[in-house]
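Novice: Structure file my_file38.pdb (PDB, C-alpha atoms) right here:
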ATOM      1  CA  MET A   1     -53.416  48.784  67.750
ATOM      2  CA  LYS A   2     -53.691  47.352  71.257
ATOM      3  CA  VAL A   3     -50.402  46.142  72.689
ATOM      4  CA  PRO A   4     -50.664  43.328  75.264
ATOM      5  CA  ASP A   5     -49.261  44.242  78.703
ATOM      6  CA  ASP A   6     -46.697  41.463  78.674
ATOM      7  CA  SER A   7     -45.530  42.191  75.128
ATOM      8  CA  ILE A   8     -41.894  43.227  74.706
ATOM      9  CA  PRO A   9     -40.574  45.913  72.332
ATOM     10  CA  ILE A  10     -38.877  44.449  69.287
ATOM     11  CA  SER A  11     -36.195  47.160  69.397
ATOM     12  CA  GLU A  12     -35.087  45.772  72.791
ATOM     13  CA  LEU A  13     -35.124  42.215  71.523
ATOM     14  CA  GLY A  14     -32.416  43.179  69.041
ATOM     15  CA  GLU A  15     -30.103  43.974  71.947
ATOM     16  CA  VAL A  16     -29.586  40.270  72.548
ATOM     17  CA  GLY A  17     -27.391  40.487  69.461
ATOM     18  CA  ILE A  18     -25.302  43.293  70.965
ATOM     19  CA  CYS A  19     -24.582  42.291  74.576
ATOM     20  CA  GLU A  20     -26.544  39.847  76.731
ATOM     21  CA  ARG A  21     -24.838  40.988  79.942
ATOM     22  CA  ARG A  22     -25.943  44.564  79.357
ATOM     23  CA  ILE A  23     -29.611  43.494  79.241
ATOM     24  CA  TYR A  24     -29.210  41.654  82.554
ATOM     25  CA  LEU A  25     -27.438  44.596  84.223
ATOM     26  CA  ARG A  26     -29.886  47.144  82.901
ATOM     27  CA  ALA A  27     -32.795  45.135  84.279
ATOM     28  CA  LYS A  28     -31.017  44.860  87.623
ATOM     29  CA  TYR A  29     -29.658  48.423  88.040
ATOM     30  CA  GLY A  30     -31.984  50.433  85.835
ATOM     31  CA  LYS A  31     -31.434  52.305  82.598
ATOM     32  CA  ARG A  32     -28.343  54.526  82.459
ATOM     33  CA  THR A  33     -27.460  57.225  80.002
ATOM     34  CA  ASN A  34     -24.918  59.996  79.381
ATOM     35  CA  ALA A  35     -24.594  63.070  77.174
ATOM     36  CA  GLN A  36     -22.813  61.183  74.380
ATOM     37  CA  ARG A  37     -25.529  58.538  74.247
ATOM     38  CA  GLU A  38     -28.276  61.168  74.255
ATOM     39  CA  GLN A  39     -26.524  62.981  71.403
ATOM     40  CA  ARG A  40     -26.391  59.770  69.374
ATOM     41  CA  LEU A  41     -30.040  59.117  70.106
ATOM     42  CA  ASP A  42     -30.942  62.625  68.928
ATOM     43  CA  ARG A  43     -29.009  62.078  65.688
ATOM     44  CA  GLY A  44     -30.768  58.768  65.174
ATOM     45  CA  THR A  45     -34.152  60.406  65.739
ATOM     46  CA  ALA A  46     -33.315  63.177  63.245
ATOM     47  CA  ILE A  47     -32.295  60.613  60.619
ATOM     48  CA  HIS A  48     -35.466  58.598  61.156
ATOM     49  CA  GLN A  49     -37.546  61.750  60.878
ATOM     50  CA  ALA A  50     -35.796  62.754  57.642
ATOM     51  CA  ALA A  51     -36.248  59.225  56.263
ATOM     52  CA  TYR A  52     -39.918  59.283  57.193
ATOM     53  CA  GLU A  53     -40.474  62.632  55.533
ATOM     54  CA  GLN A  54     -38.516  61.694  52.429
ATOM     55  CA  LYS A  55     -40.870  61.672  49.518
ATOM     56  CA  ARG A  56     -40.350  58.949  46.986
ATOM     57  CA  PRO A  57     -40.441  60.528  43.505
ATOM     58  CA  ASP A  58     -43.440  58.323  42.894
ATOM     59  CA  ASP A  59     -45.254  55.605  44.810
ATOM     60  CA  ARG A  60     -43.279  52.868  43.123
ATOM     61  CA  GLY A  61     -39.959  54.038  44.506
ATOM     62  CA  GLN A  62     -38.375  54.819  41.160
ATOM     63  CA  ASP A  63     -36.246  57.880  40.728
ATOM     64  CA  LYS A  64     -37.819  59.985  38.022
ATOM     65  CA  ARG A  65     -35.934  63.219  38.559
ATOM     66  CA  CYS A  66     -34.996  65.050  35.397
ATOM     67  CA  PHE A  67     -35.774  68.597  36.342
ATOM     68  CA  ILE A  68     -34.737  70.651  33.295
ATOM     69  CA  ALA A  69     -36.275  68.369  30.676
ATOM     70  CA  THR A  70     -39.458  68.226  32.776
ATOM     71  CA  ALA A  71     -39.516  72.024  33.013
ATOM     72  CA  VAL A  72     -39.085  72.613  29.276
ATOM     73  CA  TYR A  73     -40.793  69.563  27.749
ATOM     74  CA  GLY A  74     -43.090  68.279  30.461
ATOM     75  CA  ASP A  75     -43.050  65.125  32.584
ATOM     76  CA  ALA A  76     -44.709  62.893  30.001
ATOM     77  CA  ALA A  77     -42.635  63.965  26.961
ATOM     78  CA  TRP A  78     -40.601  61.335  25.099
ATOM     79  CA  GLU A  79     -37.538  63.608  25.371
ATOM     80  CA  THR A  80     -37.790  63.533  29.171
ATOM     81  CA  ALA A  81     -38.284  59.771  29.152
ATOM     82  CA  HIS A  82     -35.300  59.322  26.830
ATOM     83  CA  LEU A  83     -32.993  61.395  29.050
ATOM     84  CA  ARG A  84     -34.084  59.481  32.170
ATOM     85  CA  ASN A  85     -33.472  56.242  30.356
ATOM     86  CA  TRP A  86     -30.039  57.420  29.172
ATOM     87  CA  ARG A  87     -29.163  58.482  32.722
ATOM     88  CA  ASP A  88     -30.066  55.033  34.093
ATOM     89  CA  ARG A  89     -28.549  53.030  31.225
ATOM     90  CA  VAL A  90     -25.324  54.988  30.638
ATOM     91  CA  LEU A  91     -24.485  57.568  33.295
ATOM     92  CA  LEU A  92     -25.326  55.606  36.441
ATOM     93  CA  LYS A  93     -23.127  52.696  35.323
ATOM     94  CA  THR A  94     -19.829  54.541  35.912
ATOM     95  CA  PRO A  95     -18.460  56.532  38.890
ATOM     96  CA  ALA A  96     -17.819  59.559  36.644
ATOM     97  CA  GLY A  97     -21.369  59.343  35.327
ATOM     98  CA  ARG A  98     -22.810  59.102  38.840
ATOM     99  CA  GLY A  99     -20.761  62.169  39.799
ATOM    100  CA  ALA A 100     -22.174  64.044  36.802
ATOM    101  CA  VAL A 101     -25.716  63.048  37.843
ATOM    102  CA  GLU A 102     -25.119  64.242  41.417
ATOM    103  CA  MET A 103     -23.766  67.532  40.056
ATOM    104  CA  TYR A 104     -26.801  67.803  37.786
ATOM    105  CA  TYR A 105     -29.198  67.217  40.704
ATOM    106  CA  LEU A 106     -27.415  69.928  42.625
ATOM    107  CA  LEU A 107     -27.723  72.534  39.897
ATOM    108  CA  SER A 108     -30.773  71.630  37.863
ATOM    109  CA  PRO A 109     -33.565  72.611  40.314
ATOM    110  CA  LYS A 110     -32.306  76.195  40.111
ATOM    111  CA  ILE A 111     -32.148  76.095  36.312
ATOM    112  CA  ALA A 112     -35.647  74.571  36.176
ATOM    113  CA  GLN A 113     -36.850  77.382  38.441
ATOM    114  CA  TRP A 114     -35.396  79.986  36.062
ATOM    115  CA  CYS A 115     -37.105  78.221  33.149
ATOM    116  CA  ASP A 116     -40.421  78.677  34.952
ATOM    117  CA  CYS A 117     -39.736  82.399  35.539
ATOM    118  CA  SER A 118     -38.256  83.358  32.175
ATOM    119  CA  PRO A 119     -39.743  82.194  28.848
ATOM    120  CA  GLY A 120     -36.612  83.416  27.016
ATOM    121  CA  PHE A 121     -34.342  81.332  29.199
ATOM    122  CA  ALA A 122     -36.712  78.372  28.872
ATOM    123  CA  SER A 123     -36.507  78.650  25.086
ATOM    124  CA  ILE A 124     -32.692  78.549  25.180
ATOM    125  CA  MET A 125     -32.764  75.580  27.545
ATOM    126  CA  ARG A 126     -35.292  73.822  25.327
ATOM    127  CA  ARG A 127     -32.877  74.047  22.398
ATOM    128  CA  LEU A 128     -29.959  72.890  24.556
ATOM    129  CA  VAL A 129     -31.931  69.932  25.927
ATOM    130  CA  GLY A 130     -33.015  69.141  22.357
ATOM    131  CA  LEU A 131     -29.324  69.013  21.361
ATOM    132  CA  ALA A 132     -28.618  66.776  24.356
ATOM    133  CA  VAL A 133     -31.414  64.417  23.311
ATOM    134  CA  LYS A 134     -29.990  64.233  19.763
ATOM    135  CA  ALA A 135     -26.412  63.790  21.027
ATOM    136  CA  THR A 136     -27.496  60.858  23.160
ATOM    137  CA  GLY A 137     -29.297  59.168  20.270
ATOM    138  CA  GLY A 138     -32.835  60.066  21.185
ATOM    139  CA  SER A 139     -35.595  59.981  18.600
ATOM    140  CA  ARG A 140     -39.386  59.900  18.665
ATOM    141  CA  ARG A 141     -40.638  56.366  18.162
TER     142      ARG A 141
ATOM    143  CA  MET B   1     -20.980  61.932  24.154
ATOM    144  CA  LYS B   2     -18.448  64.801  23.974
ATOM    145  CA  THR B   3     -21.217  67.240  23.105
ATOM    146  CA  MET B   4     -23.223  66.037  26.094
ATOM    147  CA  ILE B   5     -20.309  66.492  28.506
ATOM    148  CA  LEU B   6     -19.629  69.948  27.040
ATOM    149  CA  LEU B   7     -23.277  70.886  27.552
ATOM    150  CA  LEU B   8     -23.217  69.653  31.152
ATOM    151  CA  VAL B   9     -20.013  71.596  31.891
ATOM    152  CA  LEU B  10     -21.456  74.731  30.263
ATOM    153  CA  ALA B  11     -24.693  74.396  32.245
ATOM    154  CA  ALA B  12     -22.742  73.901  35.481
ATOM    155  CA  ALA B  13     -20.437  76.859  34.816
ATOM    156  CA  GLY B  14     -23.374  79.060  33.825
ATOM    157  CA  THR B  15     -25.280  78.206  36.986
ATOM    158  CA  LEU B  16     -22.302  78.896  39.215
ATOM    159  CA  VAL B  17     -21.631  82.276  37.592
ATOM    160  CA  TRP B  18     -25.318  83.193  37.751
ATOM    161  CA  GLY B  19     -25.484  82.128  41.379
ATOM    162  CA  LEU B  20     -22.472  84.241  42.301
ATOM    163  CA  LEU B  21     -23.696  87.269  40.357
ATOM    164  CA  SER B  22     -27.166  87.153  41.849
ATOM    165  CA  ARG B  23     -25.637  86.352  45.261
ATOM    166  CA  THR B  24     -27.824  83.367  45.635
ATOM    167  CA  LYS B  25     -28.238  82.496  49.289
ATOM    168  CA  TRP B  26     -27.273  78.820  49.382
ATOM    169  CA  SER B  27     -27.646  78.534  53.158
ATOM    170  CA  GLU B  28     -28.103  80.685  56.228
ATOM    171  CA  PRO B  29     -24.962  81.370  58.288
ATOM    172  CA  GLY B  30     -24.764  78.906  61.162
ATOM    173  CA  GLU B  31     -27.505  76.801  59.652
ATOM    174  CA  GLU B  32     -26.968  73.125  60.364
ATOM    175  CA  LYS B  33     -26.701  70.937  57.289
ATOM    176  CA  ALA B  34     -29.773  68.743  56.990
ATOM    177  CA  VAL B  35     -29.249  65.012  57.180
ATOM    178  CA  ASP B  36     -29.176  63.527  53.706
ATOM    179  CA  VAL B  37     -31.014  60.223  53.782
ATOM    180  CA  THR B  38     -31.306  59.830  50.021
ATOM    181  CA  THR B  39     -30.593  56.190  49.286
ATOM    182  CA  ARG B  40     -30.683  54.409  45.970
ATOM    183  CA  LEU B  41     -33.076  51.499  46.118
ATOM    184  CA  PRO B  42     -31.669  48.014  45.515
ATOM    185  CA  SER B  43     -32.836  46.276  42.337
ATOM    186  CA  LEU B  44     -35.240  44.023  44.269
ATOM    187  CA  LEU B  45     -37.122  47.068  45.569
ATOM    188  CA  ALA B  46     -36.819  49.242  42.478
ATOM    189  CA  LYS B  47     -40.275  48.254  41.244
ATOM    190  CA  ALA B  48     -41.833  47.680  44.656
ATOM    191  CA  LYS B  49     -44.385  50.037  46.166
ATOM    192  CA  ILE B  50     -44.376  51.381  49.693
ATOM    193  CA  TRP B  51     -46.474  49.093  51.906
ATOM    194  CA  GLY B  52     -46.037  50.991  55.153
ATOM    195  CA  LYS B  53     -43.938  53.633  56.846
ATOM    196  CA  GLU B  54     -43.434  53.935  60.611
ATOM    197  CA  MET B  55     -46.106  51.299  61.012
ATOM    198  CA  SER B  56     -46.824  49.733  64.385
ATOM    199  CA  VAL B  57     -47.118  45.966  64.476
ATOM    200  CA  ALA B  58     -47.730  43.458  67.255
ATOM    201  CA  CYS B  59     -48.097  39.725  67.522
ATOM    202  CA  ARG B  60     -49.237  37.256  70.175
ATOM    203  CA  ALA B  61     -47.851  34.084  68.700
ATOM    204  CA  PRO B  62     -45.341  32.539  68.811
ATOM    205  CA  ARG B  63     -44.432  35.181  71.421
ATOM    206  CA  ARG B  64     -45.877  38.527  72.440
ATOM    207  CA  MET B  65     -43.912  41.409  70.967
ATOM    208  CA  HIS B  66     -44.540  44.761  69.364
ATOM    209  CA  GLY B  67     -42.734  47.544  67.599
ATOM    210  CA  THR B  68     -42.708  50.117  64.830
ATOM    211  CA  PHE B  69     -40.759  49.394  61.663
ATOM    212  CA  ASP B  70     -39.374  52.158  59.487
ATOM    213  CA  GLU B  71     -40.378  51.063  56.008
ATOM    214  CA  ALA B  72     -41.875  48.081  54.248
ATOM    215  CA  PHE B  73     -42.215  47.514  50.534
ATOM    216  CA  GLN B  74     -44.555  45.257  48.625
ATOM    217  CA  LEU B  75     -43.259  43.387  45.604
ATOM    218  CA  ASP B  76     -45.389  42.606  42.579
ATOM    219  CA  SER B  77     -45.644  39.030  43.915
ATOM    220  CA  GLY B  78     -47.440  40.393  46.998
ATOM    221  CA  ASP B  79     -44.553  39.629  49.377
ATOM    222  CA  VAL B  80     -43.690  42.344  51.879
ATOM    223  CA  VAL B  81     -40.047  43.304  52.503
ATOM    224  CA  VAL B  82     -39.227  45.076  55.766
ATOM    225  CA  SER B  83     -36.505  47.681  56.131
ATOM    226  CA  GLU B  84     -34.933  49.489  59.071
ATOM    227  CA  THR B  85     -32.908  52.696  58.954
ATOM    228  CA  LYS B  86     -29.691  52.811  60.980
ATOM    229  CA  SER B  87     -27.223  55.626  61.500
ATOM    230  CA  ARG B  88     -23.644  54.294  61.464
ATOM    231  CA  ASP B  89     -20.087  55.505  61.000
ATOM    232  CA  ARG B  90     -19.565  52.995  58.209
ATOM    233  CA  ILE B  91     -21.470  50.469  56.103
ATOM    234  CA  THR B  92     -21.871  47.583  58.501
ATOM    235  CA  VAL B  93     -24.775  45.377  59.569
ATOM    236  CA  HIS B  94     -24.986  44.016  63.125
ATOM    237  CA  LYS B  95     -26.586  40.837  64.424
ATOM    238  CA  SER B  96     -29.020  43.065  66.345
ATOM    239  CA  ASP B  97     -30.266  44.544  63.038
ATOM    240  CA  ILE B  98     -31.031  41.067  61.716
ATOM    241  CA  ILE B  99     -32.866  40.085  64.921
ATOM    242  CA  GLN B 100     -34.917  43.282  64.834
ATOM    243  CA  LEU B 101     -35.840  42.941  61.147
ATOM    244  CA  SER B 102     -36.695  39.255  61.585
ATOM    245  CA  ALA B 103     -38.955  40.025  64.539
ATOM    246  CA  TYR B 104     -40.780  42.720  62.562
ATOM    247  CA  ALA B 105     -41.215  40.303  59.685
ATOM    248  CA  LEU B 106     -42.608  37.709  62.103
ATOM    249  CA  ALA B 107     -45.062  40.229  63.559
ATOM    250  CA  VAL B 108     -46.205  41.335  60.085
ATOM    251  CA  SER B 109     -46.726  37.759  58.977
ATOM    252  CA  GLU B 110     -48.413  36.502  62.173
ATOM    253  CA  GLY B 111     -50.750  33.638  61.412
ATOM    254  CA  GLY B 112     -49.988  33.862  57.717
ATOM    255  CA  ARG B 113     -52.053  37.043  57.359
ATOM    256  CA  GLN B 114     -49.397  38.603  55.156
ATOM    257  CA  LYS B 115     -46.719  36.994  53.001
ATOM    258  CA  VAL B 116     -43.299  38.311  54.005
ATOM    259  CA  LEU B 117     -40.048  37.746  52.131
ATOM    260  CA  GLY B 118     -37.265  35.902  53.974
ATOM    261  CA  LYS B 119     -34.993  38.788  53.170
ATOM    262  CA  GLY B 120     -34.957  42.302  54.609
ATOM    263  CA  PHE B 121     -32.957  45.474  54.155
ATOM    264  CA  VAL B 122     -30.981  47.667  56.515
ATOM    265  CA  ARG B 123     -30.844  51.195  55.215
ATOM    266  CA  LEU B 124     -27.510  52.514  56.466
ATOM    267  CA  VAL B 125     -27.051  56.269  56.736
ATOM    268  CA  THR B 126     -23.330  56.998  57.062
ATOM    269  CA  PRO B 127     -21.125  60.094  56.625
ATOM    270  CA  ARG B 128     -19.710  58.479  53.463
ATOM    271  CA  GLY B 129     -23.027  57.727  51.849
ATOM    272  CA  ASN B 130     -26.174  55.736  52.319
ATOM    273  CA  GLU B 131     -26.955  52.229  51.224
ATOM    274  CA  TYR B 132     -29.589  49.508  51.490
ATOM    275  CA  VAL B 133     -27.920  46.273  52.577
ATOM    276  CA  GLY B 134     -29.864  43.053  52.104
ATOM    277  CA  VAL B 135     -29.857  40.441  54.876
ATOM    278  CA  ASP B 136     -31.322  36.947  55.238
ATOM    279  CA  LEU B 137     -33.860  36.937  58.062
ATOM    280  CA  LEU B 138     -33.949  34.499  60.954
ATOM    281  CA  GLY B 139     -36.673  31.897  61.094
ATOM    282  CA  GLU B 140     -39.472  31.700  63.651
ATOM    283  CA  ARG B 141     -37.620  29.138  65.803
ATOM    284  CA  GLU B 142     -34.520  31.307  66.030
ATOM    285  CA  ILE B 143     -36.567  34.374  67.003
ATOM    286  CA  VAL B 144     -38.320  32.367  69.719
ATOM    287  CA  MET B 145     -34.901  31.365  71.084
ATOM    288  CA  VAL B 146     -33.768  35.013  71.116
ATOM    289  CA  TYR B 147     -37.029  36.024  72.812
ATOM    290  CA  ASP B 148     -36.692  33.387  75.521
ATOM    291  CA  LYS B 149     -33.070  34.385  76.102
ATOM    292  CA  TYR B 150     -34.158  38.003  76.506
ATOM    293  CA  MET B 151     -36.823  37.039  79.034
ATOM    294  CA  ASP B 152     -34.291  34.963  81.007
ATOM    295  CA  LEU B 153     -31.933  37.950  81.142
ATOM    296  CA  VAL B 154     -34.595  40.437  82.204
ATOM    297  CA  SER B 155     -35.967  38.114  84.868
ATOM    298  CA  GLY B 156     -32.457  37.399  86.212
ATOM    299  CA  LYS B 157     -32.620  33.664  85.413
ATOM    300  CA  SER B 158     -29.542  34.140  83.253
ATOM    301  CA  LYS B 159     -26.710  36.639  83.705
ATOM    302  CA  GLY B 160     -25.762  36.466  80.040
ATOM    303  CA  ASP B 161     -22.370  36.371  78.358
ATOM    304  CA  LYS B 162     -20.007  39.296  78.077
ATOM    305  CA  CYS B 163     -20.018  40.592  74.520
ATOM    306  CA  GLY B 164     -16.204  40.639  74.447
ATOM    307  CA  LYS B 165     -16.065  43.584  72.073
ATOM    308  CA  PRO B 166     -13.442  46.000  73.477
ATOM    309  CA  GLY B 167     -14.909  48.993  71.652
ATOM    310  CA  LEU B 168     -18.347  48.369  73.144
ATOM    311  CA  CYS B 169     -17.063  47.543  76.651
ATOM    312  CA  ARG B 170     -14.959  50.734  76.789
ATOM    313  CA  THR B 171     -18.026  52.940  76.502
ATOM    314  CA  CYS B 172     -20.446  50.640  78.386
ATOM    315  CA  LEU B 173     -22.240  52.308  81.274
ATOM    316  CA  TYR B 174     -22.341  49.002  83.206
ATOM    317  CA  LYS B 175     -18.613  48.220  82.829
ATOM    318  CA  LYS B 176     -17.861  48.382  86.572
ATOM    319  CA  GLU B 177     -20.586  45.911  87.519
ATOM    320  CA  CYS B 178     -19.818  43.685  84.527
ATOM    321  CA  ASP B 179     -16.099  43.490  85.415
ATOM    322  CA  ALA B 180     -17.003  42.718  89.045
ATOM    323  CA  MET B 181     -19.049  39.738  87.875
ATOM    324  CA  GLY B 182     -16.043  38.361  86.030
TER     325      GLY B 182
END
Can the structure from this file be put into structure tokens for me?
Specialist:
Amino acid sequence: MKVPDDSIPISELGEVGICERRIYLRAKYGKRTNAQREQRLDRGTAIHQAAYEQKRPDDRGQDKRCFIATAVYGDAAWETAHLRNWRDRVLLKTPAGRGAVEMYYLLSPKIAQWCDCSPGFASIMRRLVGLAVKATGGSRR
Amino acid sequence: MKTMILLLVLAAAGTLVWGLLSRTKWSEPGEEKAVDVTTRLPSLLAKAKIWGKEMSVACRAPRRMHGTFDEAFQLDSGDVVVSETKSRDRITVHKSDIIQLSAYALAVSEGGRQKVLGKGFVRLVTPRGNEYVGVDLLGEREIVMVYDKYMDLVSGKSKGDKCGKPGLCRTCLYKKECDAMG
């Protein structure tokens, strides 16, 4: 994309909303910086980088994580779909439920990893997830 | 419900015990915690697809400007919604965020080449959590006024107003000169 020589950066345009005088003084005396400002800039850059690299679970921006059920039943299984649905419909509606989901996301990748490594453990987890599906009213349609 | 909670607690306890027994290395000593930018999408964007990330845009009319926005989503209707990521101490949106988002939207929609929604999102990354905050964008006329003001300030035609925000003035690197101007 070719940028015209007299084009101005949009990020600088936003500064009119912060302090007009600062834009005037910066143009007159030149850009100034200090260690604190540089540190904040570095943090901002790191956050932008992390946001850029963040993979959406799928291209439509929906959160489809349900690691254990996916590991033992597969991504397309009705059990996995039911648990995702139950998470969104019931758990994410309350603070306690959201806490439980956060806790689950913290622990479940490890459990899913063990399921991949140990068929015995996967079998136990499959039964447990099956119980969870029943307890939450899941049934094949 | 009770069975489910019991299962979750059992799974959590089991994982913790297993982790301790196998001395799972959760993180390296001295390793800096990575920035968590995970943000739940607002309902408007929940079914939208990513239209662009870190995409450079430029426009010639109504004024010449360019920039790189962080994220843009496309709704099923075809409208594009722009979003900017900001690192803040708390969940708060500034006027500068709205100007920036509006200018990106204007650049994306230049000459009607792309339909852009009159609403954008500021994705705030704060120590207490992250959130997408929806804002109403400025219109073309308002952006032109901001642009012309900016050009007047840079060219010295206007000296601009003091922002009058004590917190900002305290840390401003031009405070001495600003105070001298009165």
Novice: Counting all atoms listed in the file, what are the residues of chain B within 7 Å of chain A, and for each of them which pair of atoms is the nearest and at what distance in Å, to one decimal? Sort the table by chain and rising number, as a Markdown table.
Specialist:
| residue | atom | partner | partner_atom | distance |
| --- | --- | --- | --- | --- |
| B:Met1 | CA | A:Ala135 | CA | 6.5 |
| B:Thr3 | CA | A:Ala135 | CA | 6.6 |
| B:Met4 | CA | A:Ala132 | CA | 5.7 |
| B:Ala12 | CA | A:Leu107 | CA | 6.8 |
| B:Thr15 | CA | A:Leu107 | CA | 6.8 |
| B:Val35 | CA | A:Ile47 | CA | 6.4 |
| B:Val37 | CA | A:Ala51 | CA | 5.9 |
| B:Ala46 | CA | A:Gln62 | CA | 5.9 |
| B:Lys47 | CA | A:Arg60 | CA | 5.8 |
| B:Ala48 | CA | A:Arg60 | CA | 5.6 |
| B:Lys49 | CA | A:Arg60 | CA | 4.3 |
| B:Ile50 | CA | A:Asp59 | CA | 6.5 |
| B:Lys53 | CA | A:Tyr52 | CA | 6.9 |
| B:Ala58 | CA | A:Val3 | CA | 6.6 |
| B:Arg64 | CA | A:Ser7 | CA | 4.6 |
| B:Met65 | CA | A:Ser7 | CA | 4.5 |
| B:His66 | CA | A:Pro9 | CA | 5.1 |
| B:Gly67 | CA | A:Ile10 | CA | 5.2 |
| B:Thr85 | CA | A:His48 | CA | 6.8 |
| B:Ser87 | CA | A:Gly44 | CA | 6.0 |
| B:Lys95 | CA | A:Gly17 | CA | 5.1 |
| B:Ser96 | CA | A:Gly14 | CA | 4.3 |
| B:Asp97 | CA | A:Gly14 | CA | 6.5 |
| B:Ile99 | CA | A:Gly14 | CA | 5.2 |
| B:Gln100 | CA | A:Gly14 | CA | 4.9 |
| B:Ala103 | CA | A:Ile10 | CA | 6.5 |
| B:Val146 | CA | A:Val16 | CA | 6.9 |
| B:Tyr147 | CA | A:Leu13 | CA | 6.6 |
| B:Tyr150 | CA | A:Val16 | CA | 6.5 |
| B:Leu153 | CA | A:Tyr24 | CA | 4.8 |
| B:Val154 | CA | A:Ala27 | CA | 5.4 |
| B:Gly156 | CA | A:Tyr24 | CA | 6.5 |
| B:Lys159 | CA | A:Tyr24 | CA | 5.7 |
| B:Gly160 | CA | A:Arg21 | CA | 4.6 |
| B:Asp161 | CA | A:Arg21 | CA | 5.5 |
| B:Lys162 | CA | A:Arg21 | CA | 5.4 |
| B:Cys163 | CA | A:Cys19 | CA | 4.9 |
| B:Leu173 | CA | A:Arg32 | CA | 6.6 |
| B:Tyr174 | CA | A:Leu25 | CA | 6.8 |
Novice: Taking the file as I've supplied it (selection: the PyMOL selection byres ((chain B and resi 137) around 9)), which residues are included? Please answer as a PDB file with C-alpha atoms, keeping the file's coordinate frame.
Specialist:
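The resulting out08.pdb:
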ATOM      1  CA  ILE B  98     -31.031  41.067  61.716  1.00  0.00           C
ATOM      2  CA  ILE B  99     -32.866  40.085  64.921  1.00  0.00           C
ATOM      3  CA  LEU B 101     -35.840  42.941  61.147  1.00  0.00           C
ATOM      4  CA  SER B 102     -36.695  39.255  61.585  1.00  0.00           C
ATOM      5  CA  ALA B 103     -38.955  40.025  64.539  1.00  0.00           C
ATOM      6  CA  ALA B 105     -41.215  40.303  59.685  1.00  0.00           C
ATOM      7  CA  LEU B 117     -40.048  37.746  52.131  1.00  0.00           C
ATOM      8  CA  GLY B 118     -37.265  35.902  53.974  1.00  0.00           C
ATOM      9  CA  LYS B 119     -34.993  38.788  53.170  1.00  0.00           C
ATOM     10  CA  GLY B 120     -34.957  42.302  54.609  1.00  0.00           C
ATOM     11  CA  VAL B 135     -29.857  40.441  54.876  1.00  0.00           C
ATOM     12  CA  ASP B 136     -31.322  36.947  55.238  1.00  0.00           C
ATOM     13  CA  LEU B 138     -33.949  34.499  60.954  1.00  0.00           C
ATOM     14  CA  GLY B 139     -36.673  31.897  61.094  1.00  0.00           C
TER      15      GLY B 139
END
Novice: Have a look at CA of Pro109 in chain A and CA of Lys2 in chain B and let me know their distance in Å, one decimal.
Specialist: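 Distance between the two atoms: 23.6 Å.
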Novice: Using CA of Val72 in chain A and CA of Gly99 in chain A as the two end points, give the distance in Å to one decimal.
Specialist: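 Pair CA of Val72 in chain A / CA of Gly99 in chain A returns 23.6 Å.
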Novice: Using Å and a single decimal, report how far CA of Val80 in chain B sits from CA of Thr92 in chain B.
Specialist: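 It comes out at 23.4 Å.
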Novice: Just so the selection is clear, what residues does the PyMOL selection byres ((chain B and resi 88) around 7) cover here, as number ranges by chain?
Specialist: B: 86-87, 89-91, 124-126
Novice: Can you write just those residues out, C-alpha atoms, as a PDB file, keeping the file's coordinate frame?
Specialist:
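Printed below is result.pdb as written:
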ATOM      1  CA  LYS B  86     -29.691  52.811  60.980  1.00  0.00           C
ATOM      2  CA  SER B  87     -27.223  55.626  61.500  1.00  0.00           C
ATOM      3  CA  ASP B  89     -20.087  55.505  61.000  1.00  0.00           C
ATOM      4  CA  ARG B  90     -19.565  52.995  58.209  1.00  0.00           C
ATOM      5  CA  ILE B  91     -21.470  50.469  56.103  1.00  0.00           C
ATOM      6  CA  LEU B 124     -27.510  52.514  56.466  1.00  0.00           C
ATOM      7  CA  VAL B 125     -27.051  56.269  56.736  1.00  0.00           C
ATOM      8  CA  THR B 126     -23.330  56.998  57.062  1.00  0.00           C
TER       9      THR B 126
END
Novice: Using only C-alpha atoms, pick whichever of B:Ser109, B:Leu10, B:Ala72, B:Val82 has the shortest atom-to-atom distance to Arg60 in chain B.
Specialist: B:Ser109
Novice: Would you translate the PyMOL selection byres ((chain A and resi 73) around 12) into the concrete set of residues it matches in this file, as JSON, numbers by chain?
Specialist: {"A": [66, 67, 68, 69, 70, 71, 72, 74, 75, 76, 77, 78, 79, 80, 81, 82, 83, 112, 115, 116, 122, 123, 125, 126, 127, 128, 129, 130, 133]}
